[in-house]
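Chemist: Below is work.txt; it holds compact mmCIF, C-alpha atoms and all ligand atoms.
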# COMPACT_ATOMS: atom_id res chain seq x y z
CA MET A 7 -30.32 82.89 43.35
CA ALA A 8 -29.96 83.48 39.61
CA SER A 9 -33.33 83.86 37.89
CA GLY A 10 -32.48 80.97 35.57
CA ASP A 11 -32.53 78.63 38.59
CA LEU A 12 -36.13 79.42 39.45
CA ALA A 13 -37.91 77.19 37.02
CA PRO A 14 -35.79 74.38 35.68
CA PRO A 15 -38.11 71.71 34.17
CA ILE A 16 -35.92 69.10 35.86
CA ASN A 17 -37.80 69.98 39.06
CA LEU A 18 -41.08 68.71 37.62
CA ASN A 19 -42.55 65.71 39.35
CA LEU A 20 -41.66 62.70 37.20
CA ASN A 21 -45.34 61.73 36.87
CA VAL A 22 -46.27 64.95 35.11
CA ARG A 23 -43.27 65.27 32.83
CA GLY A 24 -44.32 65.21 29.20
CA LEU A 25 -47.98 65.56 30.13
CA GLY A 26 -49.67 67.89 27.60
CA HIS A 27 -52.85 69.88 28.12
CA SER A 28 -55.36 67.11 27.19
CA ALA A 29 -55.61 65.85 23.66
CA THR A 30 -58.21 68.32 22.44
CA LEU A 31 -55.84 71.26 22.66
CA ALA A 32 -53.82 70.93 19.46
CA ILE A 33 -56.84 70.46 17.24
CA ASN A 34 -58.68 73.32 18.91
CA GLU A 35 -55.74 75.67 18.47
CA ARG A 36 -55.42 74.69 14.82
CA SER A 37 -59.19 75.20 14.32
CA LYS A 38 -58.96 78.67 15.83
CA ARG A 39 -56.02 79.55 13.60
CA LEU A 40 -57.95 78.44 10.51
CA GLN A 41 -60.97 80.46 11.60
CA SER A 42 -58.84 83.54 12.16
CA GLU A 43 -57.61 83.08 8.57
CA GLY A 44 -61.23 83.26 7.44
CA ARG A 45 -61.66 79.51 6.82
CA HIS A 46 -64.94 77.80 7.67
CA VAL A 47 -64.46 75.23 10.43
CA TYR A 48 -66.87 72.44 11.38
CA ARG A 49 -66.27 72.17 15.12
CA LEU A 50 -66.75 68.49 15.85
CA GLY A 51 -63.71 68.24 18.12
CA LEU A 52 -64.98 69.49 21.45
CA GLY A 53 -67.34 67.23 23.41
CA GLN A 54 -69.66 69.85 24.82
CA SER A 55 -73.46 69.76 24.97
CA PRO A 56 -75.01 72.03 22.31
CA PHE A 57 -78.06 72.62 24.51
CA PRO A 58 -78.58 75.46 27.02
CA VAL A 59 -79.00 74.83 30.73
CA PRO A 60 -82.78 74.27 31.28
CA GLN A 61 -84.51 77.51 32.29
CA PRO A 62 -85.79 76.37 35.73
CA VAL A 63 -82.21 75.49 36.69
CA VAL A 64 -80.89 78.84 35.45
CA ASP A 65 -83.64 80.60 37.43
CA GLU A 66 -82.60 78.72 40.54
CA LEU A 67 -78.99 79.75 40.08
CA ARG A 68 -80.06 83.36 39.74
CA ALA A 69 -82.13 83.10 42.92
CA ASN A 70 -79.15 81.67 44.78
CA ALA A 71 -76.43 84.05 43.64
CA HIS A 72 -76.25 85.38 47.22
CA GLN A 73 -75.22 82.00 48.69
CA LYS A 74 -71.74 82.76 49.89
CA ASP A 75 -70.82 80.34 52.64
CA TYR A 76 -68.50 77.41 52.39
CA LEU A 77 -70.64 74.29 52.33
CA ASP A 78 -70.11 70.79 53.73
CA VAL A 79 -67.20 69.11 52.03
CA ALA A 80 -69.41 66.18 50.96
CA GLY A 81 -71.98 68.56 49.51
CA LEU A 82 -75.09 70.52 50.41
CA PRO A 83 -77.38 68.13 52.35
CA ILE A 84 -80.51 69.00 50.32
CA LEU A 85 -78.57 68.40 47.12
CA ARG A 86 -77.29 65.03 48.32
CA GLU A 87 -80.88 64.18 49.19
CA ALA A 88 -82.07 65.28 45.72
CA VAL A 89 -79.35 63.21 44.06
CA SER A 90 -80.16 60.07 46.04
CA ASN A 91 -83.89 60.55 45.33
CA TYR A 92 -83.05 60.91 41.65
CA TYR A 93 -81.21 57.57 41.56
CA VAL A 94 -84.00 55.83 43.47
CA ARG A 95 -86.69 57.33 41.22
CA GLN A 96 -84.89 57.02 37.91
CA TYR A 97 -82.97 53.76 38.19
CA ALA A 98 -84.42 52.07 41.31
CA ILE A 99 -80.99 52.19 42.98
CA GLY A 100 -81.21 51.94 46.76
CA CYS A 101 -79.19 54.94 47.84
CA THR A 102 -79.33 57.50 50.63
CA ALA A 103 -78.10 61.07 50.89
CA ASP A 104 -75.19 59.90 53.09
CA GLU A 105 -73.88 57.84 50.22
CA VAL A 106 -73.58 60.77 47.80
CA LEU A 107 -70.48 62.89 47.34
CA ILE A 108 -70.68 66.18 45.43
CA GLY A 109 -67.60 67.60 43.73
CA PRO A 110 -66.51 70.34 41.33
CA GLY A 111 -67.03 68.12 38.27
CA SER A 112 -66.98 64.34 38.12
CA LYS A 113 -63.49 64.57 36.65
CA GLU A 114 -62.17 65.86 39.97
CA LEU A 115 -63.97 63.08 41.84
CA MET A 116 -62.38 60.53 39.50
CA PHE A 117 -58.99 61.96 40.30
CA LEU A 118 -59.70 61.74 44.02
CA VAL A 119 -60.89 58.13 43.87
CA GLN A 120 -57.72 57.11 42.08
CA LEU A 121 -55.63 59.04 44.55
CA VAL A 122 -57.11 57.41 47.64
CA TYR A 123 -57.70 53.89 46.31
CA TYR A 124 -54.60 51.79 45.98
CA GLY A 125 -55.26 49.53 43.03
CA GLU A 126 -54.88 48.95 39.34
CA LEU A 127 -57.04 50.98 36.98
CA VAL A 128 -58.65 48.87 34.27
CA ILE A 129 -59.75 50.87 31.22
CA PRO A 130 -61.40 49.46 28.12
CA THR A 131 -60.31 51.28 24.96
CA PRO A 132 -61.42 53.36 23.22
CA SER A 133 -62.13 55.43 26.29
CA TRP A 134 -62.45 59.02 27.42
CA VAL A 135 -59.19 60.99 27.29
CA SER A 136 -58.66 61.77 30.97
CA TYR A 137 -58.81 58.46 32.89
CA ALA A 138 -55.29 57.38 31.98
CA PRO A 139 -53.51 60.74 32.42
CA GLN A 140 -55.05 60.98 35.90
CA ALA A 141 -53.64 57.55 36.72
CA GLN A 142 -50.27 58.64 35.36
CA ILE A 143 -50.24 61.80 37.50
CA ILE A 144 -50.95 59.76 40.61
CA GLY A 145 -48.55 56.99 39.60
CA ARG A 146 -51.13 54.21 39.29
CA ASN A 147 -50.80 51.27 36.99
CA VAL A 148 -53.18 51.24 34.01
CA ARG A 149 -54.34 48.01 32.43
CA TRP A 150 -55.78 48.69 28.98
CA VAL A 151 -58.38 46.31 27.63
CA PRO A 152 -58.76 46.82 23.88
CA THR A 153 -62.21 46.24 22.42
CA THR A 154 -63.15 45.79 18.78
CA ALA A 155 -65.31 47.75 16.40
CA GLU A 156 -67.77 45.11 15.33
CA HIS A 157 -70.88 45.17 17.56
CA GLY A 158 -69.80 48.62 18.77
CA TRP A 159 -66.65 48.35 20.90
CA PRO A 160 -68.19 46.61 23.92
CA LEU A 161 -66.17 45.30 26.85
CA ARG A 162 -66.91 41.58 26.79
CA PRO A 163 -67.42 39.74 30.07
CA ALA A 164 -64.85 37.11 28.98
CA GLU A 165 -62.22 39.82 28.43
CA LEU A 166 -62.87 41.37 31.81
CA ASP A 167 -62.69 37.91 33.34
CA ALA A 168 -59.33 37.24 31.66
CA VAL A 169 -57.87 40.48 33.02
CA CYS A 170 -59.16 39.86 36.55
CA ARG A 171 -58.02 36.23 36.53
CA GLU A 172 -54.38 37.20 35.93
CA ASP A 173 -53.96 38.00 39.58
CA ALA A 174 -57.36 37.44 41.10
CA SER A 175 -56.67 39.08 44.46
CA ARG A 176 -55.19 42.31 43.09
CA PRO A 177 -57.30 45.36 44.03
CA ARG A 178 -58.82 46.84 40.90
CA LEU A 179 -60.91 49.80 39.86
CA VAL A 180 -62.66 48.98 36.58
CA VAL A 181 -63.95 51.91 34.57
CA LEU A 182 -67.10 51.41 32.56
CA ASN A 183 -68.47 54.39 30.62
CA TYR A 184 -71.80 54.21 28.86
CA PRO A 185 -73.29 55.74 26.84
CA SER A 186 -69.69 56.04 25.77
CA ASN A 187 -67.44 58.91 25.00
CA PRO A 188 -66.00 58.36 22.35
CA THR A 189 -68.16 55.69 20.69
CA GLY A 190 -71.76 56.76 21.39
CA GLN A 191 -72.52 53.11 22.17
CA THR A 192 -74.18 51.75 25.29
CA TYR A 193 -75.00 48.45 27.02
CA ASP A 194 -78.37 46.81 27.45
CA ALA A 195 -79.48 45.25 30.74
CA GLU A 196 -78.42 41.77 29.72
CA ALA A 197 -74.85 42.81 28.87
CA LEU A 198 -74.62 44.76 32.12
CA GLN A 199 -75.80 41.76 34.09
CA GLU A 200 -73.03 39.64 32.61
CA LEU A 201 -70.36 42.24 33.33
CA ALA A 202 -71.70 42.64 36.86
CA ALA A 203 -71.36 38.91 37.44
CA VAL A 204 -67.65 39.06 36.55
CA ALA A 205 -67.10 42.13 38.71
CA ARG A 206 -68.73 40.35 41.64
CA ARG A 207 -66.68 37.19 41.10
CA TYR A 208 -63.41 39.13 41.51
CA ARG A 209 -64.79 41.73 43.95
CA VAL A 210 -63.49 44.61 41.84
CA ILE A 211 -64.77 48.13 42.34
CA LEU A 212 -66.71 49.30 39.30
CA LEU A 213 -66.47 52.99 38.53
CA SER A 214 -69.52 53.36 36.33
CA ASP A 215 -69.23 56.65 34.49
CA GLU A 216 -72.86 57.33 33.59
CA ILE A 217 -72.50 61.03 32.93
CA TYR A 218 -74.31 60.55 29.58
CA GLY A 219 -77.00 58.27 31.06
CA GLU A 220 -79.82 60.76 30.49
CA LEU A 221 -78.67 61.12 26.90
CA ASP A 222 -79.41 57.51 26.02
CA HIS A 223 -81.15 58.26 22.74
CA ARG A 224 -84.21 56.22 23.67
CA GLY A 225 -84.26 57.30 27.32
CA ARG A 226 -83.67 53.70 28.41
CA HIS A 227 -80.46 53.94 30.38
CA VAL A 228 -79.95 51.19 32.96
CA SER A 229 -77.34 51.47 35.72
CA ILE A 230 -75.03 48.52 36.32
CA ALA A 231 -75.45 49.37 40.01
CA SER A 232 -78.81 47.54 39.72
CA PHE A 233 -76.87 44.31 39.21
CA TYR A 234 -73.77 44.90 41.35
CA PRO A 235 -74.99 47.34 44.00
CA GLU A 236 -72.37 46.39 46.59
CA GLY A 237 -69.39 47.25 44.38
CA THR A 238 -70.50 50.01 41.98
CA ILE A 239 -69.77 53.71 42.27
CA ILE A 240 -71.97 55.70 39.88
CA SER A 241 -70.40 58.83 38.48
CA GLY A 242 -72.72 61.54 37.19
CA GLY A 243 -73.26 65.29 37.15
CA LEU A 244 -74.76 68.24 35.34
CA SER A 245 -72.22 68.64 32.57
CA LYS A 246 -73.80 66.66 29.77
CA TRP A 247 -77.54 66.14 30.14
CA CYS A 248 -78.03 69.55 31.71
CA GLY A 249 -75.69 71.35 29.32
CA ALA A 250 -73.75 72.78 32.26
CA GLY A 251 -70.13 71.66 31.79
CA GLY A 252 -68.82 75.05 32.84
CA TRP A 253 -70.80 75.02 36.08
CA ARG A 254 -68.55 72.25 37.38
CA LEU A 255 -70.78 69.96 39.39
CA GLY A 256 -70.26 66.22 39.59
CA THR A 257 -71.68 63.46 41.76
CA PHE A 258 -70.48 60.08 43.00
CA THR A 259 -72.95 57.62 44.50
CA PHE A 260 -71.36 54.93 46.67
CA PRO A 261 -72.50 51.55 47.93
CA ARG A 262 -72.80 51.48 51.71
CA ALA A 263 -69.86 49.10 51.99
CA LEU A 264 -67.55 51.66 50.37
CA GLY A 265 -68.21 54.36 52.96
CA TRP A 266 -64.50 54.26 53.90
CA LEU A 267 -63.58 55.24 50.34
CA ARG A 268 -66.08 58.09 50.31
CA GLU A 269 -64.72 59.32 53.64
CA ALA A 270 -61.13 59.23 52.41
CA MET A 271 -62.09 61.20 49.30
CA ALA A 272 -63.92 63.77 51.41
CA ALA A 273 -60.85 64.10 53.65
CA VAL A 274 -58.64 64.91 50.65
CA ALA A 275 -61.32 67.23 49.26
CA SER A 276 -61.35 69.11 52.57
CA GLU A 277 -57.63 69.79 52.19
CA THR A 278 -57.82 70.78 48.53
CA TYR A 279 -60.98 72.37 47.08
CA THR A 280 -62.88 72.59 50.41
CA SER A 281 -66.34 72.43 48.86
CA THR A 282 -68.15 72.87 45.58
CA SER A 283 -69.47 76.30 44.58
CA ALA A 284 -72.48 77.15 46.78
CA PRO A 285 -74.83 78.82 44.23
CA ILE A 286 -74.22 75.96 41.78
CA GLN A 287 -75.13 73.37 44.40
CA PHE A 288 -78.37 75.14 45.27
CA ALA A 289 -79.28 75.34 41.58
CA ALA A 290 -78.39 71.68 41.04
CA VAL A 291 -81.10 70.67 43.53
CA ARG A 292 -83.63 71.84 40.94
CA ALA A 293 -81.96 69.82 38.18
CA PHE A 294 -82.06 66.58 40.17
CA GLN A 295 -85.67 67.13 41.25
CA GLY A 296 -86.76 66.72 37.63
CA GLY A 297 -90.37 67.51 36.72
CA ASN A 298 -92.27 68.16 33.50
CA GLU A 299 -90.21 70.99 32.08
CA LEU A 300 -86.94 69.10 32.47
CA ALA A 301 -88.47 65.91 31.15
CA ARG A 302 -89.63 67.75 28.02
CA TYR A 303 -86.20 69.31 27.56
CA LEU A 304 -84.61 65.85 27.73
CA VAL A 305 -87.11 64.20 25.40
CA ASN A 306 -86.40 66.82 22.74
CA ALA A 307 -82.64 66.83 23.27
CA ARG A 308 -82.66 63.05 22.78
CA ARG A 309 -84.81 63.27 19.66
CA ILE A 310 -82.42 65.75 18.07
CA LEU A 311 -79.32 63.74 18.97
CA ARG A 312 -80.91 60.48 17.86
CA ALA A 313 -81.88 61.83 14.43
CA LEU A 314 -78.66 63.75 13.88
CA GLY A 315 -76.35 60.93 15.00
CA ALA A 316 -78.16 58.39 12.83
CA ALA A 317 -78.11 60.65 9.76
CA PHE A 318 -74.43 61.47 10.23
CA ALA A 319 -73.50 57.80 10.63
CA GLU A 320 -75.55 56.87 7.57
CA ARG A 321 -73.76 59.42 5.39
CA LEU A 322 -70.35 58.18 6.53
CA ARG A 323 -71.38 54.58 5.89
CA SER A 324 -72.43 55.45 2.35
CA ALA A 325 -68.90 56.78 1.85
CA GLY A 326 -67.39 53.42 2.92
CA VAL A 327 -66.57 54.27 6.55
CA PHE A 328 -67.38 51.73 9.26
CA VAL A 329 -69.40 53.27 12.07
CA PRO A 330 -71.92 51.62 14.39
CA GLY A 331 -75.24 53.44 14.74
CA PRO A 332 -75.16 55.76 17.76
CA GLN A 333 -77.19 54.88 20.85
CA GLY A 334 -76.42 57.70 23.25
CA ALA A 335 -74.46 60.89 24.00
CA PHE A 336 -73.31 62.94 20.98
CA TYR A 337 -70.35 61.06 19.60
CA LEU A 338 -69.42 58.79 16.72
CA PHE A 339 -66.18 56.84 16.48
CA PRO A 340 -65.81 56.07 12.77
CA ASP A 341 -63.22 53.59 11.59
CA PHE A 342 -61.68 54.45 8.20
CA SER A 343 -59.52 51.29 8.04
CA ALA A 344 -61.40 49.85 5.07
CA LEU A 345 -60.23 52.90 3.11
CA GLY A 346 -56.65 52.51 4.38
CA ALA A 347 -54.99 51.77 1.01
CA ARG A 348 -56.56 54.77 -0.69
CA LEU A 349 -55.80 57.04 2.21
CA ALA A 350 -52.19 55.83 2.32
CA GLU A 351 -51.81 56.94 -1.31
CA ARG A 352 -52.73 60.40 -0.05
CA GLY A 353 -50.12 60.21 2.71
CA VAL A 354 -52.57 59.33 5.50
CA ARG A 355 -51.12 56.53 7.63
CA THR A 356 -52.15 57.36 11.18
CA SER A 357 -55.24 58.71 12.91
CA THR A 358 -53.35 61.95 13.54
CA ASP A 359 -52.55 62.26 9.80
CA LEU A 360 -56.22 61.64 9.12
CA CYS A 361 -57.44 64.40 11.43
CA GLU A 362 -54.81 66.88 10.33
CA ARG A 363 -55.51 66.31 6.64
CA LEU A 364 -59.27 66.46 7.12
CA LEU A 365 -58.99 69.71 9.02
CA GLY A 366 -56.55 71.25 6.56
CA ASP A 367 -58.44 70.14 3.42
CA THR A 368 -62.05 70.54 4.54
CA GLY A 369 -62.19 72.45 7.85
CA VAL A 370 -63.77 69.46 9.66
CA ALA A 371 -62.22 69.18 13.15
CA LEU A 372 -62.17 65.69 14.74
CA LEU A 373 -59.96 64.07 17.35
CA PRO A 374 -57.68 61.15 16.46
CA GLY A 375 -58.28 57.66 17.86
CA THR A 376 -54.88 57.80 19.62
CA ALA A 377 -56.33 60.33 22.06
CA PHE A 378 -58.69 57.57 23.20
CA GLY A 379 -56.10 54.87 23.76
CA ARG A 380 -56.04 53.33 20.28
CA SER A 381 -52.87 52.54 18.33
CA PRO A 382 -51.58 55.40 16.12
CA GLU A 383 -51.96 53.36 12.90
CA GLU A 384 -55.63 52.54 13.48
CA LEU A 385 -57.59 54.98 11.33
CA THR A 386 -60.22 55.89 13.89
CA ALA A 387 -61.40 59.30 15.05
CA ARG A 388 -63.98 60.76 17.37
CA LEU A 389 -66.49 63.28 16.19
CA ALA A 390 -68.89 65.19 18.39
CA TYR A 391 -72.00 66.11 16.38
CA VAL A 392 -72.67 69.26 18.36
CA ASP A 393 -71.88 72.17 16.05
CA PHE A 394 -75.34 73.74 16.06
CA ASP A 395 -77.46 76.14 18.08
CA GLY A 396 -79.08 73.77 20.59
CA ALA A 397 -81.47 76.39 22.00
CA ARG A 398 -82.95 77.06 18.54
CA ALA A 399 -83.14 73.36 17.69
CA LEU A 400 -84.94 72.59 20.97
CA VAL A 401 -87.60 75.23 20.32
CA ALA A 402 -88.13 73.85 16.81
CA ALA A 403 -88.29 70.22 18.02
CA GLU A 404 -91.06 71.18 20.49
CA ALA A 405 -93.28 72.00 17.53
CA VAL A 406 -92.87 68.57 15.92
CA PRO A 407 -95.33 65.98 17.31
CA LEU A 408 -93.64 63.53 19.65
CA ASP A 409 -94.59 60.46 17.65
CA GLN A 410 -92.75 61.85 14.65
CA GLU A 411 -89.00 61.38 14.09
CA LEU A 412 -87.15 64.57 13.15
CA ASP A 413 -86.47 64.42 9.43
CA VAL A 414 -83.63 65.46 7.16
CA ALA A 415 -85.30 68.80 6.41
CA PHE A 416 -85.30 69.53 10.17
CA LEU A 417 -81.64 68.54 10.50
CA GLU A 418 -80.57 70.62 7.51
CA ARG A 419 -82.44 73.60 8.85
CA TYR A 420 -81.47 73.45 12.52
CA CYS A 421 -78.26 71.42 12.59
CA GLY A 422 -77.00 72.51 9.18
CA ASN A 423 -73.32 73.00 9.95
CA THR A 424 -73.05 69.56 11.52
CA ILE A 425 -74.90 67.63 8.85
CA ARG A 426 -73.00 69.48 6.12
CA ALA A 427 -69.78 68.28 7.76
CA ALA A 428 -70.86 64.69 7.03
CA ASP A 429 -71.24 65.53 3.34
CA VAL A 430 -67.93 67.36 3.28
CA MET A 431 -66.24 64.31 4.81
CA ALA A 432 -67.90 61.99 2.29
CA GLU A 433 -66.76 64.21 -0.60
CA TRP A 434 -63.21 64.30 0.79
CA ILE A 435 -63.14 60.50 0.96
CA ALA A 436 -64.39 60.20 -2.61
CA ALA A 437 -61.92 62.79 -4.00
C1 LIG B 1 -66.93 60.18 29.71
C2 LIG B 1 -66.77 61.42 30.51
N1 LIG B 1 -66.65 61.32 31.84
C3 LIG B 1 -66.47 62.40 32.62
C4 LIG B 1 -66.40 63.66 32.08
C5 LIG B 1 -66.13 64.81 33.01
O1 LIG B 1 -67.24 65.55 33.25
P1 LIG B 1 -67.32 66.68 34.36
O2 LIG B 1 -65.99 66.78 35.04
O3 LIG B 1 -67.68 67.91 33.63
O4 LIG B 1 -68.38 66.22 35.33
C6 LIG B 1 -66.51 63.83 30.70
C7 LIG B 1 -66.39 65.17 30.10
O5 LIG B 1 -66.15 65.36 28.93
C8 LIG B 1 -66.71 62.68 29.89
O6 LIG B 1 -66.85 62.77 28.57
I'd like the structure from this file rewritten - as structure tokens, please.
Ligand SMILES: Cc1ncc(COP(=O)(O)O)c(C=O)c1O
Modeler:
Amino acid sequence: MASGDLAPPINLNLNVRGLGHSATLAINERSKRLQSEGRHVYRLGLGQSPFPVPQPVVDELRANAHQKDYLDVAGLPILREAVSNYYVRQYAIGCTADEVLIGPGSKELMFLVQLVYYGELVIPTPSWVSYAPQAQIIGRNVRWVPTTAEHGWPLRPAELDAVCREDASRPRLVVLNYPSNPTGQTYDAEALQELAAVARRYRVILLSDEIYGELDHRGRHVSIASFYPEGTIISGGLSKWCGAGGWRLGTFTFPRALGWLREAMAAVASETYTSTSAPIQFAAVRAFQGGNELARYLVNARRILRALGAAFAERLRSAGVFVPGPQGAFYLFPDFSALGARLAERGVRTSTDLCERLLGDTGVALLPGTAFGRSPEELTARLAYVDFDGARALVAAEAVPLDQELDVAFLERYCGNTIRAADVMAEWIAA
């Protein structure tokens, strides 16, 4: 066979044709190029925790480096036990070890659930970048539900009801993600109760992506599984609150009635990744057990994110940008539409123009709203306020009494590059 015949793109599965490497790639490559040219870059594009993995969890990983055996496909039994105890203790969710599935990142588990469940995927926008491409790869239908900026992009019960009513018996998997990537907004118990009532009415499966739950800025995260326990899968893991994205450990917690779905996912897992890394699973037991040291780590991580997010949002607001105050995680989703006419004079007509110009002119790297399911002309962008040394900031926060909010002097000293980016953006807008 001629070598040219070996790799014709025509042989690509139709579902993956045109699929890029996730939306963050282009901006990251451009940032790197600018840095290599000696330019200063404010890295607000990548959504990664700035904080280190808590020391007791690192110690546990070290102590378990020798663990070499393949583990149960559903996960290490003591870890599944620790995860179920965590949900019972933290959120009063009735859940047993049998109902937990461990995977190499919650992203992989989300792919598996879409693969094995035959139904429509309902995604409110703006939403995290990977839900829809996963559906596309598998060939599932996606139903977008746009939300609006005022009151912070919430999915309204009436909107969910309208979508479900269209064909009330259609099987559906509804994704809810809060605190949200990309908006940094969350839901209170009352809003969750109303959404749960709609979900129950149409018997949809809720995939509740609560990976940022511990990073609710006030530590008041509530799981919607409290209100719709029979139909909610909770997605979680170590990546965000434990600063361990690269460790690749995710968890799904199922209602008893969805045991068949969990089993089907485990069957596919057994034929693909086999099991999640053994040392990581042993270390994760420590993370889910909690305790004083982890609680202190979380309290201080939340204090830093709360102060920094609020200060960043305030500076953008002063420059005329619409942005709801952040409530969780480490993201803001500013809307520059009110400045549309002035930006258009500068050649900025889409969210991609906006991000490219900002990066080129100021070195501030953001991701365009299009990457999160918004229309290209809407002047929105996501910024991750994480460009600082989290280990250093945590040590400094420990020294500030707990009843005291972290002030601007603290932020300028320990999160300087991030907070300076807000000023640079404000100056760019005013120019
Ligand atoms: C909203 C959301 N869900 C899920 C994930 C995937 O997390 P992981 O696969 O690391 O568990 C991410 C990661 O960025 C995320 O932002």
Chemist: If you take all atoms listed in the file and a cut-off of 9 Å, which residues of chain A touch ligand LIG 1 (chain B), and what are their nearest atom pairs and distances in Å to one decimal, in chain and number order, as JSON lines?
Modeler:
{"residue": "A:Leu52", "atom": "CA", "partner": "B:LIG1", "partner_atom": "O5", "distance": 8.6}
{"residue": "A:Gly53", "atom": "CA", "partner": "B:LIG1", "partner_atom": "O5", "distance": 5.9}
{"residue": "A:Gln54", "atom": "CA", "partner": "B:LIG1", "partner_atom": "O5", "distance": 7.0}
{"residue": "A:Gly109", "atom": "CA", "partner": "B:LIG1", "partner_atom": "O4", "distance": 8.5}
{"residue": "A:Pro110", "atom": "CA", "partner": "B:LIG1", "partner_atom": "O2", "distance": 7.2}
{"residue": "A:Gly111", "atom": "CA", "partner": "B:LIG1", "partner_atom": "O2", "distance": 3.6}
{"residue": "A:Ser112", "atom": "CA", "partner": "B:LIG1", "partner_atom": "O4", "distance": 3.6}
{"residue": "A:Lys113", "atom": "CA", "partner": "B:LIG1", "partner_atom": "O2", "distance": 3.7}
{"residue": "A:Glu114", "atom": "CA", "partner": "B:LIG1", "partner_atom": "O2", "distance": 6.3}
{"residue": "A:Leu115", "atom": "CA", "partner": "B:LIG1", "partner_atom": "O2", "distance": 8.0}
{"residue": "A:Met116", "atom": "CA", "partner": "B:LIG1", "partner_atom": "C3", "distance": 8.2}
{"residue": "A:Ser133", "atom": "CA", "partner": "B:LIG1", "partner_atom": "C1", "distance": 7.6}
{"residue": "A:Trp134", "atom": "CA", "partner": "B:LIG1", "partner_atom": "C1", "distance": 5.2}
{"residue": "A:Val135", "atom": "CA", "partner": "B:LIG1", "partner_atom": "O6", "distance": 8.0}
{"residue": "A:Ser136", "atom": "CA", "partner": "B:LIG1", "partner_atom": "C3", "distance": 8.0}
{"residue": "A:Tyr137", "atom": "CA", "partner": "B:LIG1", "partner_atom": "N1", "distance": 8.4}
{"residue": "A:Asn183", "atom": "CA", "partner": "B:LIG1", "partner_atom": "C1", "distance": 6.1}
{"residue": "A:Tyr184", "atom": "CA", "partner": "B:LIG1", "partner_atom": "C1", "distance": 7.8}
{"residue": "A:Pro185", "atom": "CA", "partner": "B:LIG1", "partner_atom": "C1", "distance": 8.3}
{"residue": "A:Ser186", "atom": "CA", "partner": "B:LIG1", "partner_atom": "C1", "distance": 6.3}
{"residue": "A:Asn187", "atom": "CA", "partner": "B:LIG1", "partner_atom": "C1", "distance": 4.9}
{"residue": "A:Pro188", "atom": "CA", "partner": "B:LIG1", "partner_atom": "C1", "distance": 7.6}
{"residue": "A:Asp215", "atom": "CA", "partner": "B:LIG1", "partner_atom": "N1", "distance": 6.0}
{"residue": "A:Glu216", "atom": "CA", "partner": "B:LIG1", "partner_atom": "N1", "distance": 7.6}
{"residue": "A:Ile217", "atom": "CA", "partner": "B:LIG1", "partner_atom": "N1", "distance": 6.0}
{"residue": "A:Tyr218", "atom": "CA", "partner": "B:LIG1", "partner_atom": "C1", "distance": 7.4}
{"residue": "A:Ser241", "atom": "CA", "partner": "B:LIG1", "partner_atom": "C3", "distance": 7.9}
{"residue": "A:Gly242", "atom": "CA", "partner": "B:LIG1", "partner_atom": "O4", "distance": 6.6}
{"residue": "A:Gly243", "atom": "CA", "partner": "B:LIG1", "partner_atom": "O4", "distance": 5.3}
{"residue": "A:Leu244", "atom": "CA", "partner": "B:LIG1", "partner_atom": "O4", "distance": 6.7}
{"residue": "A:Ser245", "atom": "CA", "partner": "B:LIG1", "partner_atom": "O3", "distance": 4.7}
{"residue": "A:Lys246", "atom": "CA", "partner": "B:LIG1", "partner_atom": "O3", "distance": 7.3}
{"residue": "A:Ala250", "atom": "CA", "partner": "B:LIG1", "partner_atom": "O3", "distance": 7.9}
{"residue": "A:Gly251", "atom": "CA", "partner": "B:LIG1", "partner_atom": "O3", "distance": 4.8}
{"residue": "A:Gly252", "atom": "CA", "partner": "B:LIG1", "partner_atom": "O3", "distance": 7.3}
{"residue": "A:Trp253", "atom": "CA", "partner": "B:LIG1", "partner_atom": "O3", "distance": 8.1}
{"residue": "A:Arg254", "atom": "CA", "partner": "B:LIG1", "partner_atom": "O3", "distance": 5.8}
{"residue": "A:Leu255", "atom": "CA", "partner": "B:LIG1", "partner_atom": "O4", "distance": 6.0}
{"residue": "A:Gly256", "atom": "CA", "partner": "B:LIG1", "partner_atom": "O4", "distance": 4.7}
{"residue": "A:Thr257", "atom": "CA", "partner": "B:LIG1", "partner_atom": "O4", "distance": 7.7}
Chemist: Find the residue from A:Arg323, A:Arg380, A:Arg312, A:Arg207 that sits nearest to Gly237 of chain A; use only C-alpha atoms when measuring.
Modeler: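 Residue with the minimum atom-to-atom distance to Gly237 of chain A: A:Arg207.
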Chemist: Pull the neighbourhood of (-81.3, 63.4, 22.3) for me: all residues within 6 Å in file coordinates, counting only C-alpha atoms, as a ChimeraX atom specification.
Modeler: /A:221,223,307-312
Chemist: Do you have the atom CA of Ser381 of chain A-atom CA of Val151 of chain A distance handy?
Modeler: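 Atom CA of Val151 of chain A lies at a distance of 12.5 Å from atom CA of Ser381 of chain A.
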Chemist: Give me, please, the distance in Å between atom CA of Arg36 of chain A and atom CA of Glu383 of chain A, quoted to one decimal.
Modeler: 21.7 Å
